[in-house]
>>> print(open('run_35.cif').read())   # mmCIF, C-alpha atoms and all ligand atoms
data_data
loop_
_atom_site.label_atom_id
_atom_site.label_comp_id
_atom_site.auth_asym_id
_atom_site.auth_seq_id
_atom_site.Cartn_x
_atom_site.Cartn_y
_atom_site.Cartn_z
CA MET Z 1 -26.80 -7.92 76.32
CA GLU Z 2 -29.18 -6.73 78.99
CA ASN Z 3 -29.97 -8.48 82.24
CA ILE Z 4 -33.10 -10.55 82.17
CA ILE Z 5 -32.82 -11.37 85.87
CA GLU Z 6 -31.40 -9.22 88.61
CA PHE Z 7 -31.28 -9.80 92.36
CA GLN Z 8 -30.39 -6.58 94.18
CA ASN Z 9 -29.37 -7.00 97.82
CA VAL Z 10 -31.92 -9.72 98.35
CA SER Z 11 -32.25 -11.27 101.78
CA LYS Z 12 -34.45 -14.13 102.80
CA SER Z 13 -34.78 -15.95 106.11
CA PHE Z 14 -36.76 -18.93 107.25
CA GLY Z 15 -37.27 -18.19 110.92
CA GLU Z 16 -33.80 -17.73 112.40
CA LEU Z 17 -32.08 -19.15 109.34
CA LYS Z 18 -30.78 -16.54 106.90
CA VAL Z 19 -30.75 -18.31 103.56
CA LEU Z 20 -29.98 -15.36 101.28
CA ASN Z 21 -27.79 -12.62 102.67
CA ASN Z 22 -27.73 -9.46 100.55
CA LEU Z 23 -27.55 -11.50 97.40
CA ASN Z 24 -26.62 -9.72 94.18
CA LEU Z 25 -27.02 -11.69 90.99
CA GLN Z 26 -27.31 -10.71 87.34
CA VAL Z 27 -28.27 -13.03 84.52
CA LYS Z 28 -28.01 -11.87 80.93
CA ASP Z 29 -30.72 -12.53 78.39
CA GLY Z 30 -30.03 -15.91 76.80
CA GLU Z 31 -27.36 -16.87 79.28
CA LYS Z 32 -26.97 -20.50 80.38
CA LEU Z 33 -26.09 -20.45 84.02
CA ALA Z 34 -25.13 -23.29 86.34
CA LEU Z 35 -25.66 -22.79 90.05
CA ILE Z 36 -23.53 -25.02 92.25
CA GLY Z 37 -23.07 -25.14 96.00
CA PRO Z 38 -23.54 -27.23 99.12
CA SER Z 39 -26.87 -28.75 99.98
CA GLY Z 40 -29.01 -26.38 102.02
CA SER Z 41 -27.21 -23.27 100.76
CA GLY Z 42 -30.32 -21.71 99.23
CA LYS Z 43 -30.09 -22.64 95.54
CA THR Z 44 -33.65 -23.92 95.33
CA THR Z 45 -34.85 -20.87 97.25
CA ILE Z 46 -33.44 -18.62 94.50
CA LEU Z 47 -35.45 -20.51 91.89
CA ARG Z 48 -38.57 -20.54 94.06
CA ILE Z 49 -38.34 -16.76 94.53
CA LEU Z 50 -38.24 -16.37 90.75
CA MET Z 51 -41.27 -18.62 90.42
CA THR Z 52 -43.01 -16.42 93.04
CA LEU Z 53 -43.40 -19.47 95.26
CA GLU Z 54 -41.32 -17.83 97.98
CA SER Z 55 -41.31 -14.12 98.89
CA ILE Z 56 -38.29 -12.01 99.81
CA ASP Z 57 -37.62 -10.09 103.03
CA ASP Z 58 -35.38 -7.39 101.63
CA GLY Z 59 -34.02 -6.03 98.38
CA PHE Z 60 -35.41 -6.21 94.87
CA VAL Z 61 -35.79 -8.85 92.18
CA LEU Z 62 -36.05 -7.56 88.63
CA VAL Z 63 -37.18 -9.73 85.75
CA ASN Z 64 -37.04 -8.19 82.29
CA GLY Z 65 -36.30 -4.89 84.00
CA GLU Z 66 -39.50 -4.99 86.02
CA ASN Z 67 -39.86 -5.45 89.73
CA LEU Z 68 -41.14 -8.93 90.52
CA TRP Z 69 -41.85 -8.66 94.23
CA HIS Z 70 -42.71 -4.94 94.29
CA GLU Z 71 -44.92 -2.58 92.40
CA GLU Z 72 -45.52 1.12 92.29
CA LYS Z 73 -48.67 2.40 93.91
CA ASN Z 74 -49.48 6.10 94.22
CA GLY Z 75 -45.84 6.93 93.60
CA GLU Z 76 -44.62 4.52 96.26
CA ILE Z 77 -42.86 1.19 95.94
CA VAL Z 78 -44.90 -1.38 97.81
CA THR Z 79 -44.95 -5.16 98.13
CA ALA Z 80 -46.44 -6.76 95.04
CA SER Z 81 -50.11 -7.64 95.06
CA GLU Z 82 -51.35 -11.06 93.96
CA LYS Z 83 -52.48 -9.43 90.74
CA HIS Z 84 -49.02 -8.01 90.02
CA LEU Z 85 -47.43 -11.42 90.67
CA HIS Z 86 -49.98 -13.05 88.42
CA ASP Z 87 -49.37 -10.53 85.62
CA MET Z 88 -45.61 -10.95 85.95
CA ARG Z 89 -45.87 -14.74 85.82
CA ASP Z 90 -47.96 -14.44 82.67
CA LYS Z 91 -45.57 -12.03 81.06
CA ILE Z 92 -42.30 -13.72 81.90
CA GLY Z 93 -43.12 -17.16 80.60
CA MET Z 94 -40.97 -18.91 83.13
CA VAL Z 95 -41.06 -22.64 83.61
CA PHE Z 96 -39.88 -24.54 86.61
CA GLN Z 97 -38.94 -27.95 85.37
CA GLN Z 98 -40.97 -30.46 87.30
CA PHE Z 99 -40.99 -34.11 86.97
CA ASN Z 100 -44.64 -34.91 87.50
CA LEU Z 101 -46.46 -35.82 84.33
CA PHE Z 102 -50.18 -36.49 84.37
CA PRO Z 103 -50.37 -40.29 84.71
CA HIS Z 104 -53.72 -40.62 82.93
CA LEU Z 105 -52.50 -38.80 79.80
CA THR Z 106 -50.17 -40.18 77.14
CA ALA Z 107 -46.79 -38.56 76.62
CA ILE Z 108 -48.01 -36.48 73.69
CA GLN Z 109 -51.21 -35.49 75.49
CA ASN Z 110 -49.06 -34.27 78.37
CA VAL Z 111 -47.29 -31.93 75.96
CA GLN Z 112 -50.39 -30.94 73.98
CA GLN Z 113 -52.82 -30.19 76.77
CA PRO Z 114 -51.08 -27.26 78.46
CA GLN Z 115 -50.64 -25.63 75.05
CA ILE Z 116 -54.40 -25.81 74.47
CA LEU Z 117 -55.30 -24.70 78.00
CA ILE Z 118 -52.66 -22.06 78.61
CA LYS Z 119 -51.49 -20.94 75.17
CA GLN Z 120 -54.94 -21.22 73.52
CA ARG Z 121 -53.52 -23.17 70.59
CA ASN Z 122 -55.86 -25.38 68.64
CA LYS Z 123 -55.45 -29.11 68.70
CA SER Z 124 -53.52 -29.46 65.47
CA GLU Z 125 -51.12 -26.60 66.27
CA ALA Z 126 -50.48 -28.17 69.66
CA LYS Z 127 -49.92 -31.54 68.06
CA ASP Z 128 -47.44 -30.20 65.48
CA LYS Z 129 -45.49 -28.41 68.16
CA ALA Z 130 -45.51 -31.48 70.41
CA GLU Z 131 -44.27 -33.73 67.60
CA SER Z 132 -41.34 -31.49 66.80
CA LEU Z 133 -40.44 -31.34 70.49
CA PHE Z 134 -40.56 -35.13 70.78
CA ASP Z 135 -38.04 -35.20 67.95
CA LEU Z 136 -35.86 -32.77 69.85
CA VAL Z 137 -35.89 -34.89 73.01
CA GLY Z 138 -35.44 -38.09 71.01
CA LEU Z 139 -38.76 -39.70 71.86
CA GLY Z 140 -40.54 -39.68 68.51
CA ASP Z 141 -41.40 -43.36 68.95
CA LYS Z 142 -42.78 -43.04 72.49
CA MET Z 143 -45.41 -40.36 72.05
CA ASP Z 144 -48.36 -42.67 72.69
CA HIS Z 145 -46.91 -44.25 75.81
CA TYR Z 146 -48.31 -43.47 79.23
CA PRO Z 147 -45.83 -42.15 81.81
CA HIS Z 148 -45.68 -45.50 83.67
CA GLN Z 149 -44.55 -47.13 80.42
CA LEU Z 150 -41.51 -44.82 80.24
CA SER Z 151 -38.22 -44.88 82.13
CA GLY Z 152 -37.42 -42.09 84.57
CA GLY Z 153 -35.10 -40.47 82.04
CA GLN Z 154 -37.74 -40.65 79.33
CA GLN Z 155 -40.35 -39.14 81.64
CA GLN Z 156 -37.96 -36.33 82.42
CA ARG Z 157 -37.45 -35.69 78.71
CA VAL Z 158 -41.22 -35.55 78.15
CA ALA Z 159 -41.39 -33.03 81.00
CA ILE Z 160 -38.73 -30.94 79.26
CA ALA Z 161 -40.73 -31.06 76.02
CA ARG Z 162 -43.82 -29.98 77.95
CA ALA Z 163 -41.96 -27.03 79.43
CA LEU Z 164 -40.54 -26.00 76.04
CA ALA Z 165 -43.98 -26.09 74.46
CA MET Z 166 -44.80 -23.00 76.51
CA ASP Z 167 -42.10 -21.00 74.66
CA PRO Z 168 -40.60 -19.83 77.92
CA LYS Z 169 -38.21 -16.88 78.06
CA ILE Z 170 -36.63 -18.36 81.14
CA MET Z 171 -36.27 -21.99 82.16
CA LEU Z 172 -35.33 -23.08 85.64
CA PHE Z 173 -34.02 -26.58 86.27
CA ASP Z 174 -33.52 -27.83 89.79
CA GLU Z 175 -31.31 -30.90 89.95
CA ILE Z 176 -33.37 -32.61 87.31
CA THR Z 177 -31.14 -35.65 87.15
CA SER Z 178 -30.85 -36.26 90.89
CA ALA Z 179 -33.76 -38.70 91.05
CA LEU Z 180 -32.47 -40.74 88.10
CA ASP Z 181 -30.42 -43.89 87.98
CA PRO Z 182 -26.88 -43.03 86.84
CA GLU Z 183 -27.28 -44.76 83.47
CA LEU Z 184 -30.24 -42.50 82.66
CA VAL Z 185 -28.57 -39.23 83.55
CA ASP Z 186 -26.69 -38.85 80.28
CA GLU Z 187 -29.74 -38.98 78.04
CA VAL Z 188 -31.36 -36.13 79.97
CA LEU Z 189 -28.20 -34.05 79.97
CA THR Z 190 -27.83 -34.60 76.23
CA VAL Z 191 -31.26 -33.04 75.74
CA LEU Z 192 -30.26 -30.06 77.87
CA HIS Z 193 -27.14 -29.65 75.76
CA LYS Z 194 -29.22 -29.57 72.62
CA LEU Z 195 -31.50 -27.03 74.25
CA ALA Z 196 -28.57 -24.85 75.14
CA SER Z 197 -27.23 -24.80 71.61
CA ASP Z 198 -30.56 -24.51 69.73
CA TYR Z 199 -32.60 -22.17 71.94
CA GLU Z 200 -32.09 -18.61 73.04
CA THR Z 201 -34.01 -19.25 76.22
CA THR Z 202 -32.27 -18.14 79.39
CA ILE Z 203 -31.55 -21.21 81.48
CA LEU Z 204 -30.75 -21.41 85.18
CA THR Z 205 -29.83 -24.85 86.31
CA VAL Z 206 -28.99 -26.05 89.78
CA THR Z 207 -26.83 -29.13 89.43
CA HIS Z 208 -24.51 -31.50 91.20
CA GLU Z 209 -23.20 -32.80 87.89
CA MET Z 210 -19.95 -30.90 87.62
CA ASN Z 211 -19.02 -32.30 84.23
CA PHE Z 212 -22.36 -31.25 82.90
CA ALA Z 213 -22.04 -27.75 84.40
CA ARG Z 214 -18.62 -27.42 82.83
CA GLU Z 215 -19.86 -28.27 79.35
CA PHE Z 216 -23.30 -26.75 79.45
CA ALA Z 217 -22.92 -23.41 81.15
CA ASP Z 218 -21.72 -20.05 79.84
CA ARG Z 219 -21.09 -19.17 83.46
CA VAL Z 220 -20.89 -21.03 86.75
CA LEU Z 221 -21.87 -19.55 90.09
CA PHE Z 222 -20.65 -21.05 93.31
CA PHE Z 223 -23.13 -20.22 95.99
CA ASP Z 224 -22.58 -20.62 99.73
CA GLY Z 225 -23.52 -18.88 102.94
CA GLY Z 226 -26.33 -16.94 101.30
CA GLN Z 227 -24.05 -15.23 98.81
CA ILE Z 228 -22.21 -15.82 95.57
CA VAL Z 229 -18.72 -16.81 96.58
CA GLU Z 230 -17.33 -16.98 93.07
CA SER Z 231 -18.62 -16.69 89.53
CA GLY Z 232 -16.93 -17.15 86.21
CA LEU Z 233 -16.38 -19.20 83.10
CA PRO Z 234 -16.62 -22.95 83.72
CA SER Z 235 -12.96 -23.29 82.75
CA GLU Z 236 -12.00 -20.73 85.41
CA ILE Z 237 -14.17 -22.08 88.21
CA PHE Z 238 -13.35 -25.74 87.67
CA SER Z 239 -9.69 -25.54 86.73
CA ASN Z 240 -8.58 -22.54 88.68
CA PRO Z 241 -10.97 -21.64 91.50
CA LYS Z 242 -9.80 -18.61 93.46
CA GLU Z 243 -11.72 -18.84 96.69
CA VAL Z 244 -10.90 -21.35 99.43
CA ARG Z 245 -14.56 -22.29 99.86
CA THR Z 246 -14.90 -23.05 96.15
CA LYS Z 247 -11.79 -25.23 96.22
CA GLU Z 248 -13.03 -27.13 99.28
CA PHE Z 249 -16.41 -27.73 97.68
CA LEU Z 250 -15.01 -28.86 94.34
CA LYS Z 251 -12.56 -31.25 95.97
CA LYS Z 252 -15.48 -33.53 96.66
CA PHE Z 253 -16.18 -33.79 92.95
CA ILE Z 254 -12.90 -33.25 91.19
CA ASN Z 255 -9.60 -34.75 92.24
CA ASN Z 256 -6.98 -32.56 90.65
CA ILE Z 257 -7.72 -29.25 92.33
CA ASN Z 258 -4.97 -27.76 94.46
N1 LIG R 1 -40.21 -23.25 103.32
C1 LIG R 1 -39.17 -23.41 104.15
N2 LIG R 1 -39.32 -23.31 105.48
C2 LIG R 1 -38.28 -23.45 106.33
N3 LIG R 1 -37.01 -23.68 105.93
C3 LIG R 1 -36.79 -23.78 104.61
C4 LIG R 1 -37.85 -23.66 103.65
N4 LIG R 1 -37.33 -23.82 102.42
C5 LIG R 1 -36.01 -24.02 102.59
N5 LIG R 1 -35.68 -24.00 103.89
C6 LIG R 1 -34.33 -24.15 104.45
O1 LIG R 1 -33.50 -23.18 103.83
C7 LIG R 1 -32.23 -23.70 103.52
C8 LIG R 1 -31.94 -23.56 102.04
O2 LIG R 1 -32.78 -24.45 101.35
P1 LIG R 1 -32.69 -24.68 99.78
O3 LIG R 1 -32.91 -23.39 99.09
O4 LIG R 1 -33.63 -25.78 99.46
O5 LIG R 1 -31.18 -25.14 99.62
P2 LIG R 1 -30.47 -25.95 98.42
O6 LIG R 1 -31.41 -26.00 97.27
O7 LIG R 1 -29.22 -25.19 98.14
O8 LIG R 1 -30.17 -27.31 98.96
C9 LIG R 1 -32.23 -25.14 104.03
O9 LIG R 1 -31.65 -25.17 105.31
C10 LIG R 1 -33.70 -25.48 104.10
O10 LIG R 1 -33.94 -26.46 105.07
MG MG R 2 -32.23 -27.62 96.31
#
>>> encode(input="run_35.cif", output="structure tokens")
Amino acid sequence: MENIIEFQNVSKSFGELKVLNNLNLQVKDGEKLALIGPSGSGKTTILRILMTLESIDDGFVLVNGENLWHEEKNGEIVTASEKHLHDMRDKIGMVFQQFNLFPHLTAIQNVQQPQILIKQRNKSEAKDKAESLFDLVGLGDKMDHYPHQLSGGQQQRVAIARALAMDPKIMLFDEITSALDPELVDEVLTVLHKLASDYETTILTVTHEMNFAREFADRVLFFDGGQIVESGLPSEIFSNPKEVRTKEFLKKFINNIN
């Protein structure tokens, strides 16, 4: 399998604060990756760089084998222009899972409208697609509700359906359950599980739900100090972490780590 995402010696600072320090990261096409690590360690920054919301200071980011933040001009590698970034965003089909639904549209309209506007589907195609996605996220009976008539977990599942309707090659999830009441977390994670088993989409998820990461991910990355400290199968990372920093971090979540 080839790498769909590659960070090569990427550094990124905010003022004096070095958030990414020569980061090297490879994600295989179709891989389901869980990114764990302390708060403030730069996990969100990694996702924002991929979404082109945050630039890099050094190194290269490749998506689908193409430079995201650089382009070739007159035989030279230069910082990407707005146009290059725009073209790359179009090509990649990457979605950053966000919570905010349009409050004045019903659930199904929230999933239909971007398909019509962005994917140029006609109304009935968009509706068919939306209906099948509502089945997937288990909300077939809530399609005509407005967001304020749905629980937080249900809104989150509509947002996942909306993202999926764009047929993304890559999906990025940033702590999507952190704003939810504990009893609603499971229903959202169940949908992600289904996604992981039914879709070939590459998924990067930042999470504090260690049980979820263990079950969902093909691979877990522990990120700290601007670098990947340890990466491996969930069973390796959670049951037998090798690095001291990983052990210390996991102790807060899991009791039986020595
Ligand atoms: N736009 C920004 N300007 C200044 N500092 C930022 C900005 N974005 C993030 N940071 C800082 O960079 C560090 C890493 O942030 P973030 O990537 O959000 O970490 P995480 O998602 O792992 O909690 C934090 O200390 C944060 O305060
Ligand atoms: Mg974050």
>>> residues_near_ligand(input="run_35.cif", ligand="ligand LIG 1 (chain R)", cutoff="10 Å", atoms="all atoms listed in the file", output="MDAnalysis selection string")
chainID Z and resid 12:20 35:49 53:54 174:175 206:207 223:226
>>> residues_around(input="run_35.cif", residues="Lys129 in chain Z", least_positions_apart="3", cutoff="12 Å", atoms="only C-alpha atoms", output="PyMOL selection string")
chain Z and resi 108-109+111-116+119+121-126+132-136+161-167
>>> residues_near_point(input="run_35.cif", point="(-45.2, -42.7, 82.1)", cutoff="9 Å", atoms="only C-alpha atoms", output="count of residues only")
17
>>> closest_residue(input="run_35.cif", among="Z:Ser178, Z:Gln227, Z:Asn100, Z:Glu72", to="Ser11 in chain Z", atoms="all atoms listed in the file")
Z:Gln227
>>> closest_residue(input="run_35.cif", among="Z:Leu62, Z:Met51, Z:Ile176, Z:Val220", to="ligand MG 2 (chain R)", atoms="all atoms listed in the file")
Z:Ile176
>>> closest_residue(input="run_35.cif", among="Z:Gly153, Z:Asp144, Z:Ile92, Z:Gly75", to="Pro182 in chain Z", atoms="all atoms listed in the file")
Z:Gly153
>>> closest_residue(input="run_35.cif", among="Z:Glu200, Z:Glu187, Z:Glu31, Z:Asp87", to="Phe212 in chain Z", atoms="only C-alpha atoms")
Z:Glu187
>>> closest_residue(input="run_35.cif", among="Z:Pro241, Z:Thr205, Z:Met210, Z:Asn74", to="ligand MG 2 (chain R)", atoms="only C-alpha atoms and all ligand atoms")
Z:Thr205
>>> atom_distance(input="run_35.cif", atom1="CA of Gly59 in chain Z", atom2="CA of Val10 in chain Z")
4.2 Å
>>> atom_distance(input="run_35.cif", atom1="CA of Glu209 in chain Z", atom2="CA of Asn3 in chain Z")
25.9 Å
>>> atom_distance(input="run_35.cif", atom1="CA of Arg214 in chain Z", atom2="CA of Leu50 in chain Z")
23.9 Å
>>> closest_residue(input="run_35.cif", among="Z:Leu25, Z:Val63, Z:Leu195, Z:Ala217", to="Glu230 in chain Z", atoms="all atoms listed in the file")
Z:Leu25
>>> residues_around(input="run_35.cif", residues="Glu2 in chain Z", least_positions_apart="6", cutoff="10 Å", atoms="only C-alpha atoms", output="list in words")
Gln26, Val27, Lys28, Asp29, Gly30, Asn64 and Gly65 of chain Z
>>> write_last_selection(input="run_35.cif", atoms="C-alpha atoms", output="PDB file, in the coordinates of the input")
ATOM      1  CA  GLN Z  26     -27.310 -10.710  87.340  1.00  0.00           C
ATOM      2  CA  VAL Z  27     -28.270 -13.030  84.520  1.00  0.00           C
ATOM      3  CA  LYS Z  28     -28.010 -11.870  80.930  1.00  0.00           C
ATOM      4  CA  ASP Z  29     -30.720 -12.530  78.390  1.00  0.00           C
ATOM      5  CA  GLY Z  30     -30.030 -15.910  76.800  1.00  0.00           C
ATOM      6  CA  ASN Z  64     -37.040  -8.190  82.290  1.00  0.00           C
ATOM      7  CA  GLY Z  65     -36.300  -4.890  84.000  1.00  0.00           C
TER       8      GLY Z  65
END
>>> axis_aligned_box(input="run_35.cif", around="range 244-252 of chain Z", padding_each_side="4 Å", output="lines of an AutoDock Vina configuration file")
center_x = -13.7
center_y = -27.4
center_z = 97.1
size_x = 13.5
size_y = 20.2
size_z = 13.5
>>> decode(input="run_35.cif", residues="range 158-173 of chain Z", atoms="N, CA and C atoms", output="mmCIF file, in the first residue's frame")
data_model
loop_
_atom_site.group_PDB
_atom_site.id
_atom_site.type_symbol
_atom_site.label_atom_id
_atom_site.label_comp_id
_atom_site.auth_asym_id
_atom_site.auth_seq_id
_atom_site.Cartn_x
_atom_site.Cartn_y
_atom_site.Cartn_z
ATOM 1 N N VAL Z 158 -25.139 13.469 12.270
ATOM 2 C CA VAL Z 158 -25.548 14.156 11.035
ATOM 3 C C VAL Z 158 -24.318 14.790 10.375
ATOM 4 N N ALA Z 159 -23.461 15.378 11.209
ATOM 5 C CA ALA Z 159 -22.251 16.018 10.674
ATOM 6 C C ALA Z 159 -21.338 14.983 10.002
ATOM 7 N N ILE Z 160 -21.294 13.782 10.562
ATOM 8 C CA ILE Z 160 -20.499 12.713 9.939
ATOM 9 C C ILE Z 160 -21.112 12.331 8.594
ATOM 10 N N ALA Z 161 -22.444 12.223 8.546
ATOM 11 C CA ALA Z 161 -23.126 11.910 7.286
ATOM 12 C C ALA Z 161 -22.827 12.993 6.244
ATOM 13 N N ARG Z 162 -22.851 14.231 6.699
ATOM 14 C CA ARG Z 162 -22.581 15.353 5.775
ATOM 15 C C ARG Z 162 -21.162 15.253 5.208
ATOM 16 N N ALA Z 163 -20.220 14.904 6.068
ATOM 17 C CA ALA Z 163 -18.838 14.772 5.605
ATOM 18 C C ALA Z 163 -18.709 13.616 4.611
ATOM 19 N N LEU Z 164 -19.356 12.497 4.928
ATOM 20 C CA LEU Z 164 -19.268 11.318 4.062
ATOM 21 C C LEU Z 164 -19.898 11.547 2.701
ATOM 22 N N ALA Z 165 -20.881 12.411 2.654
ATOM 23 C CA ALA Z 165 -21.578 12.685 1.396
ATOM 24 C C ALA Z 165 -20.648 13.293 0.355
ATOM 25 N N MET Z 166 -19.524 13.809 0.818
ATOM 26 C CA MET Z 166 -18.545 14.401 -0.100
ATOM 27 C C MET Z 166 -17.579 13.360 -0.680
ATOM 28 N N ASP Z 167 -17.801 12.079 -0.349
ATOM 29 C CA ASP Z 167 -16.912 11.004 -0.807
ATOM 30 C C ASP Z 167 -15.440 11.320 -0.571
ATOM 31 N N PRO Z 168 -15.091 11.674 0.638
ATOM 32 C CA PRO Z 168 -13.706 12.083 0.876
ATOM 33 C C PRO Z 168 -12.733 10.909 0.788
ATOM 34 N N LYS Z 169 -11.522 11.204 0.319
ATOM 35 C CA LYS Z 169 -10.463 10.197 0.339
ATOM 36 C C LYS Z 169 -9.831 10.116 1.726
ATOM 37 N N ILE Z 170 -9.876 11.264 2.403
ATOM 38 C CA ILE Z 170 -9.287 11.342 3.734
ATOM 39 C C ILE Z 170 -10.273 12.031 4.670
ATOM 40 N N MET Z 171 -10.470 11.459 5.836
ATOM 41 C CA MET Z 171 -11.303 12.126 6.839
ATOM 42 C C MET Z 171 -10.470 12.393 8.082
ATOM 43 N N LEU Z 172 -10.629 13.585 8.608
ATOM 44 C CA LEU Z 172 -9.902 13.973 9.817
ATOM 45 C C LEU Z 172 -10.912 14.249 10.922
ATOM 46 N N PHE Z 173 -10.725 13.590 12.039
ATOM 47 C CA PHE Z 173 -11.635 13.801 13.173
ATOM 48 C C PHE Z 173 -10.833 14.309 14.365
#
